[in-house]
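Worksheet: one structure, shown below.
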Amino acid sequence: MSALFEVRNLRKSFGGLVVTNDVSLAMAPGDRVALIGPNGAGKTTFVNLVAGNLRPDSGHVFLGGEDVTRLKAAKRVRRGLIRSFQVTRLFQDMTPEEHVALAILQRERQAGKMFGHYSGKPEVMDEVRKILDRLGLIELSHLKVREIAYGQQRLLEIALAMALRPRMLLLDEPAAGVPQSETTRIEQALNSLPPDLAVLMIDHDMDLVFRFARRVVVLAAGTVIFDGSPKDVTQDQRVREAYLGNYANAGSTA
Amino acid sequence: MTVASTDHSSAANLSIARRLADGGLIGALAIVVIGAIGYYLFPNNLALLTRMTAIALLVLSLDLVTGYCGVATLGHAALFGAGAYGAGIAAAHFGISEPLTMTLVGALTGSAAGLVSGVVILRAHGLAQLVLSIAVIHLFHEAANKASAWTGGSDGLSGIMPEAVFGLFEFDLWGQTAYIYGLVLLTVVFVALRILVRSPFGMLARGVREDRIRITAMGASVNSVLLRMYVISGAVAGIGGALSAISTQVVGLDSLSFTLSAEALVMLVLGGTGSLYGAMIGTMVFMWFEDTLSAINPFHWLTIIGALLVAVVLFAPKGLYGSTAGFVSRLRRGRG
């Protein structure tokens with residue numbers, strides 16, 4: 001089966017520090033992969049490289065067989081490579097309804113229209129309501145983003161990603177900073193994503209990772225040190241060392 | 001069935017009413033009413049009021065790029081001056097003196113100037129962007145100064161004799177026709193801009209102002225949005241410039257000056273950015289102060305303008321309109 005998404009030998013360094021070191025990864029439609037690793041492992045840099053927010057020093061990114069390494073971020077988005085942000089990036093003065101409507105209009109190549117209003121388009125409004133309803137944001141659809149709680153802003157990040165109808169979705173810590181009571185809502189949203197969509201999720205919440213992912217990739221110091229099933233990851237010696245550092249070897253060195 | 005259809009039609013009526021209000025009907029009415037009051041209250045000062053109208057178009061145009069898109073510029077008079085010279089040169093050198101055609105020429109040369117300065121200014125960000133905008137206005141100014149065969153250089157461009165509007169309304173000595181022509185232009189442009197800023201494109205522009213990376217992550221190109229807005233902004237400023245050329249029948253280098261650019265920014269900040277209303281209120285207040293205070297005390301009027309600006313920025317940071325609107329909505333919410 002040909003890969004929907006593939007990264008080959010991706011490398012990036014800032015000054016002398018190599019943050020992404022020869023990373024390769026392939027995903028097929030429907031894959032649910034979690035990318036984990038200790039702080040500073042280069043997870044967010046990896047997402048930035050893949051999404052086109054950063055340029056790699058070398059290596060390639062493929063989407064649906066096409067080499068998108070030289071494409072700008074916006075063009076990758078138009079090809080279905082969508083990301084969410086670790087720290088929410090939303091328009092503080094706009095409402096959730098406006099956010100989702102704008103994403104839908106942009107997806108449909110109608111966001112350049114200089115007259116009319118999205119509320120006059122029933123098909124857009126129906127989709128906006130459906131998405132906001134699924135994420136439990138419908139009650140807040142007319143409040144400005146700066147008036148809603150952080151956890152709900154995180155949900156809106158996911159709503160935006162869904163509105164763009166991704167083929168490949170990169171979720172950068174979708175549950176970071178969300179109270180426990182609302183992670184359920186995020187999980188439900190993640191579970192209701194289209195089955196043929198490939199999802200790469202970064203998160204620290206291991207419970208969430210193990211429930212969501214069917215495959216786990218561990219990044220440490222910019223290198224992939226593990227790529228396999230969730231049940232094997234905790235047993236892996238290198239993963240334990242990466243997370244626990246010298247403590248993992250404490251028995252032998254003491 | 002009948003009940004349902006009545007409900008539906010009343011909902012439709014409501015949404016039409018809301019759309020008209022959002023679409024600038026209130027603003028358009030306000031322009032007409034205030035314009036009429038000005039006409040009857042200051043019949044001997046119509047030239048000033050017409051000048052206010054032309055500058056209001058410049059400040060509206062600045063609001064599009066600064067207020068809606070977040071681009072700081074001190075070179076926006078380049079677009080206004082290009083429109084003024086475009087319309088003026090069309091009349092003085094090519095015998096195109098039909099006012100509507102002159103206005104159209106002004107809009108076109110204004111958008112061309114918008115495209116050129118947009119391409120230059122948008123290459124940089126922040127402070128570098130501001131410096132580039134200053135460079136642009138100086139280059140435009142110097143080009144107009146040097147091309148004196150076309151522009152009249154520092155003597156100004158004269159010989160602009162606009163024909164009667166629709167062949168019916170002559171431009172009179174008292175400036176009545178020019179004033180009404182300007183008010184009509186301002187009203188039409190204002191309504192068009194209200195429609196623009198609430199359109200999907202207008203939302204995209206606001207998005208660019210608030211978070212460019214998010215706009216990119218939605219698949220839109222930030223630079224394309226900004227450049228399109230610059231061209232539209234150029235058309236609006238160009239119409240203002242053309243109005244200035246038509247009403248005064250001369251075009252001077254001051255219409256392409258750094259001073260005018262900076263004053264336009266002051267007027268916008270004074271009134272409040274990002275609402276279109278603020279742009280017009282700021283222009284009115286600034287120019288009224290300038291006129292009255294400079295008559296009372298020609299030496300210290302700028303001091304008072306300066307003090308007023310300091311007070312507004314410190315105590316009403318969203319400008320006269322923005323702060324009042326914020327206050328009113330807080331009041332309403334307090335009651336609700």
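Naming works like this for the structure tokens: A, B, ... for the chains as they're shown, residue 1 at the start of each chain, ligands 1 onward in shown order.
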Report task. Skip A:Leu137 itself and residues of its chain fewer than 6 positions away, then list as a ChimeraX atom specification all residues within 8 Å of it, counting only C-alpha atoms. Result -> /A:96,152,155-156
Mind running chain B against chain A at 10 Å and telling me each contacting residue's nearest atom pair with the distance in Å (one decimal), counting only C-alpha atoms, chain and number ascending, as JSON lines?
{"residue": "B:Ser15", "atom": "CA", "partner": "A:Gly120", "partner_atom": "CA", "distance": 9.1}
{"residue": "B:Arg19", "atom": "CA", "partner": "A:His117", "partner_atom": "CA", "distance": 8.9}
{"residue": "B:Gly23", "atom": "CA", "partner": "A:Gly116", "partner_atom": "CA", "distance": 9.6}
{"residue": "B:Ala192", "atom": "CA", "partner": "A:Phe115", "partner_atom": "CA", "distance": 8.8}
{"residue": "B:Leu193", "atom": "CA", "partner": "A:Met114", "partner_atom": "CA", "distance": 9.5}
{"residue": "B:Arg194", "atom": "CA", "partner": "A:Phe115", "partner_atom": "CA", "distance": 9.3}
{"residue": "B:Ile195", "atom": "CA", "partner": "A:Phe115", "partner_atom": "CA", "distance": 5.7}
{"residue": "B:Leu196", "atom": "CA", "partner": "A:Met114", "partner_atom": "CA", "distance": 5.2}
{"residue": "B:Val197", "atom": "CA", "partner": "A:Met114", "partner_atom": "CA", "distance": 7.9}
{"residue": "B:Arg198", "atom": "CA", "partner": "A:His117", "partner_atom": "CA", "distance": 6.5}
{"residue": "B:Ser199", "atom": "CA", "partner": "A:Phe115", "partner_atom": "CA", "distance": 4.7}
{"residue": "B:Pro200", "atom": "CA", "partner": "A:Ala111", "partner_atom": "CA", "distance": 4.9}
{"residue": "B:Phe201", "atom": "CA", "partner": "A:Gly112", "partner_atom": "CA", "distance": 4.8}
{"residue": "B:Gly202", "atom": "CA", "partner": "A:Met114", "partner_atom": "CA", "distance": 7.1}
{"residue": "B:Met203", "atom": "CA", "partner": "A:Leu102", "partner_atom": "CA", "distance": 7.2}
{"residue": "B:Leu204", "atom": "CA", "partner": "A:Ala111", "partner_atom": "CA", "distance": 7.0}
{"residue": "B:Ala205", "atom": "CA", "partner": "A:Gly112", "partner_atom": "CA", "distance": 9.8}
{"residue": "B:Arg206", "atom": "CA", "partner": "A:Phe91", "partner_atom": "CA", "distance": 8.3}
{"residue": "B:Gly207", "atom": "CA", "partner": "A:Phe91", "partner_atom": "CA", "distance": 6.3}
{"residue": "B:Val208", "atom": "CA", "partner": "A:Phe91", "partner_atom": "CA", "distance": 9.1}
{"residue": "B:Arg209", "atom": "CA", "partner": "A:Phe91", "partner_atom": "CA", "distance": 8.8}
{"residue": "B:Glu210", "atom": "CA", "partner": "A:Phe91", "partner_atom": "CA", "distance": 5.5}
{"residue": "B:Asp211", "atom": "CA", "partner": "A:Phe91", "partner_atom": "CA", "distance": 6.5}
{"residue": "B:Arg212", "atom": "CA", "partner": "A:Arg89", "partner_atom": "CA", "distance": 9.3}
{"residue": "B:Ile213", "atom": "CA", "partner": "A:Arg89", "partner_atom": "CA", "distance": 7.7}
{"residue": "B:Arg214", "atom": "CA", "partner": "A:Arg89", "partner_atom": "CA", "distance": 5.9}
{"residue": "B:Ile215", "atom": "CA", "partner": "A:Ala74", "partner_atom": "CA", "distance": 8.3}
{"residue": "B:Thr216", "atom": "CA", "partner": "A:Ala74", "partner_atom": "CA", "distance": 4.9}
{"residue": "B:Ala217", "atom": "CA", "partner": "A:Ala74", "partner_atom": "CA", "distance": 6.1}
{"residue": "B:Met218", "atom": "CA", "partner": "A:Ala103", "partner_atom": "CA", "distance": 6.0}
{"residue": "B:Gly219", "atom": "CA", "partner": "A:Ala74", "partner_atom": "CA", "distance": 4.0}
{"residue": "B:Ala220", "atom": "CA", "partner": "A:Ala74", "partner_atom": "CA", "distance": 5.7}
{"residue": "B:Ser221", "atom": "CA", "partner": "A:Ala74", "partner_atom": "CA", "distance": 6.2}
{"residue": "B:Val222", "atom": "CA", "partner": "A:Ala74", "partner_atom": "CA", "distance": 9.0}
{"residue": "B:Ser224", "atom": "CA", "partner": "A:Gly112", "partner_atom": "CA", "distance": 9.8}
{"residue": "B:Val225", "atom": "CA", "partner": "A:Gly112", "partner_atom": "CA", "distance": 8.1}
{"residue": "B:Arg228", "atom": "CA", "partner": "A:Gly112", "partner_atom": "CA", "distance": 9.6}
Using only C-alpha atoms, determine which residues lie at most 12 Å from A:Gly65, disregarding the query and same-chain residues fewer than 3 positions distant; provide the list as a tab-separated table (two decimals) with C-alpha atoms, in the first residue's frame.
chain	number	residue	atom	x	y	z
A	1	MET	CA	0.00	0.00	0.00
A	2	SER	CA	1.43	3.36	-0.98
A	3	ALA	CA	1.95	5.88	1.76
A	4	LEU	CA	-0.42	8.84	2.04
A	5	PHE	CA	2.20	10.72	3.97
A	6	GLU	CA	5.91	10.16	4.08
A	7	VAL	CA	8.92	11.90	5.54
A	26	ALA	CA	5.46	6.81	6.60
A	27	MET	CA	1.72	6.74	7.20
A	28	ALA	CA	-1.22	5.23	5.34
A	60	HIS	CA	11.78	15.39	1.87
A	61	VAL	CA	8.12	15.49	2.79
A	62	PHE	CA	5.64	13.67	0.55
A	68	VAL	CA	5.72	19.04	-1.01
A	69	THR	CA	9.06	19.92	0.63
A	79	ARG	CA	-3.52	19.75	-0.45
Requested in this report: Counting only C-alpha atoms, figure out which residue out of A:Asp31, A:Asp22, A:Glu108, A:Asp172 gets nearest to A:Arg214.
Outcome: A:Asp31
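For A:Gly42, the residues within 8 Å (counting only C-alpha atoms, excluding itself and residues fewer than 3 positions away along the chain) are Val19, Thr20, Asn39, Thr45, Phe46, Leu219, Ala220, Ala221 and Gly222 of chain A.
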Query raised in the report: Got a sec: who's within 12 Å of stretch 39-44 of chain B, counting only C-alpha atoms, leaving out chain neighbours fewer than 6 positions off, as a list of chain:residue names?
Result: B:Ile31, B:Val32, B:Val33, B:Thr50, B:Leu173, B:Trp174, B:Gly175, B:Gln176, B:Thr177, B:Ala178, B:Tyr179, B:Ile180, B:Leu183
Using the selection just defined, write its residues with N, CA and C atoms as a short mmCIF file (atom, residue, chain, number, x, y, z; two decimals), in the first residue's frame.
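File part.cif, as written:
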data_model
loop_
_atom_site.label_atom_id
_atom_site.label_comp_id
_atom_site.auth_asym_id
_atom_site.auth_seq_id
_atom_site.Cartn_x
_atom_site.Cartn_y
_atom_site.Cartn_z
N ILE B 31 -23.88 60.14 7.23
CA ILE B 31 -23.12 61.01 6.32
C ILE B 31 -24.04 62.03 5.68
N VAL B 32 -25.20 61.55 5.21
CA VAL B 32 -26.13 62.44 4.52
C VAL B 32 -26.64 63.52 5.48
N VAL B 33 -27.04 63.09 6.70
CA VAL B 33 -27.61 64.05 7.66
C VAL B 33 -26.56 65.07 8.09
N THR B 50 -15.62 70.17 1.83
CA THR B 50 -15.27 69.29 0.71
C THR B 50 -13.89 68.69 0.93
N LEU B 173 -18.79 78.76 -7.97
CA LEU B 173 -17.80 79.47 -7.17
C LEU B 173 -17.91 79.17 -5.68
N TRP B 174 -19.13 78.86 -5.23
CA TRP B 174 -19.34 78.63 -3.79
C TRP B 174 -19.01 77.19 -3.39
N GLY B 175 -18.75 76.39 -4.40
CA GLY B 175 -18.37 75.01 -4.11
C GLY B 175 -19.54 74.11 -3.74
N GLN B 176 -20.75 74.51 -4.10
CA GLN B 176 -21.91 73.67 -3.73
C GLN B 176 -21.89 72.34 -4.47
N THR B 177 -21.68 72.43 -5.79
CA THR B 177 -21.68 71.19 -6.58
C THR B 177 -20.56 70.26 -6.10
N ALA B 178 -19.37 70.84 -5.91
CA ALA B 178 -18.23 70.02 -5.48
C ALA B 178 -18.54 69.33 -4.16
N TYR B 179 -19.18 70.07 -3.23
CA TYR B 179 -19.49 69.52 -1.92
C TYR B 179 -20.46 68.36 -2.04
N ILE B 180 -21.53 68.57 -2.80
CA ILE B 180 -22.53 67.51 -2.93
C ILE B 180 -21.93 66.31 -3.67
N LEU B 183 -19.90 64.44 -1.18
CA LEU B 183 -20.73 63.70 -0.22
C LEU B 183 -21.28 62.42 -0.84
#
Please identify the strand (DSSP E) residues within stretch 2-247 of chain A (assignment by DSSP from backbone atoms) and present them as a short mmCIF file (atom, residue, chain, number, x, y, z; two decimals) with N, CA and C atoms, in the first residue's frame.
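And here's part-v3.cif as it stands now:
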data_model
loop_
_atom_site.label_atom_id
_atom_site.label_comp_id
_atom_site.auth_asym_id
_atom_site.auth_seq_id
_atom_site.Cartn_x
_atom_site.Cartn_y
_atom_site.Cartn_z
N PHE A 5 1.31 9.70 3.45
CA PHE A 5 2.20 10.72 3.97
C PHE A 5 3.55 10.08 4.26
N GLU A 6 4.60 10.74 3.82
CA GLU A 6 5.91 10.16 4.08
C GLU A 6 6.95 11.25 4.31
N VAL A 7 7.81 11.00 5.26
CA VAL A 7 8.92 11.90 5.54
C VAL A 7 10.19 11.09 5.34
N ARG A 8 11.13 11.63 4.53
CA ARG A 8 12.37 10.88 4.28
C ARG A 8 13.57 11.69 4.72
N ASN A 9 14.33 11.14 5.66
CA ASN A 9 15.63 11.68 6.08
C ASN A 9 15.58 13.18 6.39
N LEU A 10 14.58 13.57 7.13
CA LEU A 10 14.41 14.99 7.44
C LEU A 10 15.44 15.43 8.47
N ARG A 11 16.05 16.58 8.21
CA ARG A 11 17.13 17.05 9.07
C ARG A 11 17.01 18.56 9.22
N LYS A 12 17.18 19.02 10.46
CA LYS A 12 17.17 20.47 10.70
C LYS A 12 18.06 20.78 11.89
N SER A 13 18.90 21.79 11.74
CA SER A 13 19.66 22.21 12.92
C SER A 13 19.57 23.72 13.08
N PHE A 14 19.58 24.13 14.33
CA PHE A 14 19.64 25.56 14.65
C PHE A 14 21.04 25.82 15.17
N LEU A 17 23.11 22.99 16.94
CA LEU A 17 22.24 22.01 17.59
C LEU A 17 21.34 21.32 16.56
N VAL A 18 21.53 20.01 16.42
CA VAL A 18 20.68 19.26 15.49
C VAL A 18 19.38 18.91 16.20
N VAL A 19 18.24 19.48 15.73
CA VAL A 19 16.97 19.23 16.43
C VAL A 19 16.14 18.15 15.75
N THR A 20 16.37 17.97 14.46
CA THR A 20 15.71 16.87 13.77
C THR A 20 16.81 16.15 13.01
N ASN A 21 17.05 14.89 13.39
CA ASN A 21 18.22 14.20 12.86
C ASN A 21 17.80 12.99 12.06
N ASP A 22 17.70 13.17 10.74
CA ASP A 22 17.50 12.04 9.85
C ASP A 22 16.22 11.27 10.19
N VAL A 23 15.12 12.00 10.32
CA VAL A 23 13.86 11.36 10.69
C VAL A 23 13.13 10.86 9.45
N SER A 24 12.71 9.62 9.46
CA SER A 24 11.88 9.07 8.38
C SER A 24 10.64 8.45 9.00
N LEU A 25 9.54 8.56 8.27
CA LEU A 25 8.26 8.10 8.82
C LEU A 25 7.27 7.99 7.66
N ALA A 26 6.48 6.92 7.64
CA ALA A 26 5.46 6.81 6.60
C ALA A 26 4.13 6.46 7.23
N MET A 27 3.06 7.01 6.67
CA MET A 27 1.72 6.74 7.20
C MET A 27 0.76 6.47 6.07
N ARG A 32 -3.42 5.94 12.91
CA ARG A 32 -3.50 6.78 14.11
C ARG A 32 -2.17 6.62 14.84
N VAL A 33 -1.29 7.61 14.67
CA VAL A 33 0.05 7.49 15.22
C VAL A 33 0.26 8.55 16.29
N ALA A 34 0.90 8.17 17.37
CA ALA A 34 1.26 9.16 18.39
C ALA A 34 2.76 9.38 18.35
N LEU A 35 3.15 10.65 18.39
CA LEU A 35 4.57 10.98 18.44
C LEU A 35 4.86 11.48 19.84
N ILE A 36 5.69 10.74 20.57
CA ILE A 36 5.98 11.16 21.94
C ILE A 36 7.48 11.32 22.10
N SER A 58 17.72 19.39 5.00
CA SER A 58 17.70 18.39 3.93
C SER A 58 16.58 17.40 4.23
N GLY A 59 16.31 16.54 3.26
CA GLY A 59 15.23 15.58 3.42
C GLY A 59 13.98 16.01 2.67
N HIS A 60 12.99 15.12 2.65
CA HIS A 60 11.78 15.39 1.87
C HIS A 60 10.52 15.06 2.63
N VAL A 61 9.45 15.78 2.27
CA VAL A 61 8.12 15.49 2.79
C VAL A 61 7.22 15.18 1.59
N PHE A 62 6.54 14.04 1.65
CA PHE A 62 5.64 13.67 0.55
C PHE A 62 4.20 13.61 1.05
N LEU A 63 3.28 14.08 0.22
CA LEU A 63 1.87 13.93 0.55
C LEU A 63 1.17 13.35 -0.67
N GLU A 66 3.25 13.15 -3.74
CA GLU A 66 3.82 14.39 -4.28
C GLU A 66 4.85 14.96 -3.30
N ASP A 67 5.97 15.41 -3.82
CA ASP A 67 6.99 16.02 -2.97
C ASP A 67 6.55 17.46 -2.65
N LEU A 81 -2.98 18.82 4.05
CA LEU A 81 -2.08 18.60 5.19
C LEU A 81 -2.36 19.69 6.23
N ILE A 82 -3.11 19.32 7.26
CA ILE A 82 -3.61 20.31 8.22
C ILE A 82 -2.95 20.11 9.58
N ARG A 83 -2.68 21.20 10.28
CA ARG A 83 -2.10 21.08 11.62
C ARG A 83 -2.91 21.87 12.64
N MET A 168 -4.46 14.47 5.94
CA MET A 168 -3.44 14.13 6.94
C MET A 168 -3.49 15.22 8.00
N LEU A 169 -3.68 14.80 9.24
CA LEU A 169 -3.86 15.78 10.31
C LEU A 169 -2.74 15.67 11.34
N LEU A 170 -2.12 16.82 11.63
CA LEU A 170 -1.07 16.87 12.66
C LEU A 170 -1.64 17.58 13.87
N LEU A 171 -1.73 16.88 14.99
CA LEU A 171 -2.28 17.50 16.19
C LEU A 171 -1.15 17.72 17.19
N ASP A 172 -0.83 18.97 17.45
CA ASP A 172 0.26 19.28 18.37
C ASP A 172 -0.31 19.49 19.78
N ALA A 198 -5.53 10.18 8.03
CA ALA A 198 -4.33 9.80 8.79
C ALA A 198 -4.07 10.87 9.83
N VAL A 199 -3.84 10.45 11.08
CA VAL A 199 -3.63 11.41 12.16
C VAL A 199 -2.31 11.14 12.87
N LEU A 200 -1.51 12.19 13.00
CA LEU A 200 -0.29 12.11 13.80
C LEU A 200 -0.49 13.04 14.98
N MET A 201 -0.49 12.46 16.19
CA MET A 201 -0.76 13.27 17.37
C MET A 201 0.46 13.31 18.28
N ILE A 202 0.77 14.52 18.73
CA ILE A 202 1.80 14.67 19.75
C ILE A 202 1.08 14.87 21.06
N ARG A 215 -0.16 3.06 16.93
CA ARG A 215 1.29 2.98 16.69
C ARG A 215 1.93 4.16 17.40
N VAL A 216 3.07 3.94 17.99
CA VAL A 216 3.74 5.01 18.74
C VAL A 216 5.15 5.20 18.17
N VAL A 217 5.50 6.47 17.95
CA VAL A 217 6.85 6.79 17.51
C VAL A 217 7.48 7.63 18.62
N VAL A 218 8.68 7.24 19.05
CA VAL A 218 9.34 7.99 20.12
C VAL A 218 10.53 8.74 19.55
N LEU A 219 10.54 10.05 19.84
CA LEU A 219 11.61 10.91 19.37
C LEU A 219 12.45 11.32 20.58
N ALA A 220 13.77 11.20 20.47
CA ALA A 220 14.65 11.69 21.54
C ALA A 220 15.84 12.36 20.89
N THR A 223 16.04 12.22 17.13
CA THR A 223 16.15 10.95 16.41
C THR A 223 15.00 10.03 16.80
N VAL A 224 14.52 9.24 15.84
CA VAL A 224 13.49 8.26 16.16
C VAL A 224 14.16 7.09 16.86
N ILE A 225 13.75 6.83 18.10
CA ILE A 225 14.38 5.71 18.82
C ILE A 225 13.43 4.53 18.97
N PHE A 226 12.18 4.74 18.63
CA PHE A 226 11.24 3.62 18.71
C PHE A 226 10.10 3.87 17.73
N ASP A 227 9.64 2.83 17.06
CA ASP A 227 8.49 2.95 16.17
C ASP A 227 7.79 1.60 16.22
N GLY A 228 6.69 1.54 16.95
CA GLY A 228 6.04 0.24 17.07
C GLY A 228 4.72 0.35 17.80
#
Would you return as a tab-separated table (two decimals) with C-alpha atoms, in the first residue's frame the members of stretch 15-83 of chain A that DSSP assigns to helix (DSSP H, G or I) on this structure's backbone?
chain	number	residue	atom	x	y	z
A	43	LYS	CA	8.52	17.12	18.39
A	44	THR	CA	7.14	20.58	17.66
A	45	THR	CA	10.06	21.32	15.31
A	46	PHE	CA	9.13	18.15	13.45
A	47	VAL	CA	5.52	19.33	13.09
A	48	ASN	CA	6.73	22.76	11.92
A	49	LEU	CA	8.96	21.12	9.30
A	50	VAL	CA	6.18	18.87	8.05
A	51	ALA	CA	3.57	21.66	7.96
A	73	ALA	CA	2.58	26.10	4.36
A	74	ALA	CA	-0.61	27.48	2.79
A	75	LYS	CA	-0.20	25.31	-0.31
A	76	ARG	CA	0.30	22.21	1.80
A	77	VAL	CA	-2.92	23.05	3.62
A	78	ARG	CA	-4.76	23.27	0.30
Report task. Give me the residues within 10 Å of B:Asn223 as a list in words, counting only C-alpha atoms and dropping any in the same chain fewer than 6 places off. Result -> Gly118, Val119, Leu122, Arg123, Val208, Arg212 and Met229 of chain B
Keeping only C-alpha atoms, take the residues you just selected and write them out as a PDB file, in the first residue's frame.
ATOM      1  CA  GLY B 118       2.058  47.447  -1.456  1.00  0.00           C
ATOM      2  CA  VAL B 119       4.660  45.346  -3.274  1.00  0.00           C
ATOM      3  CA  LEU B 122       4.747  44.320   2.328  1.00  0.00           C
ATOM      4  CA  ARG B 123       8.196  42.829   1.866  1.00  0.00           C
ATOM      5  CA  VAL B 208      -4.323  38.505   8.919  1.00  0.00           C
ATOM      6  CA  ARG B 212      -0.892  35.432  10.232  1.00  0.00           C
ATOM      7  CA  MET B 229      -6.432  45.140   0.126  1.00  0.00           C
TER       8      MET B 229
END
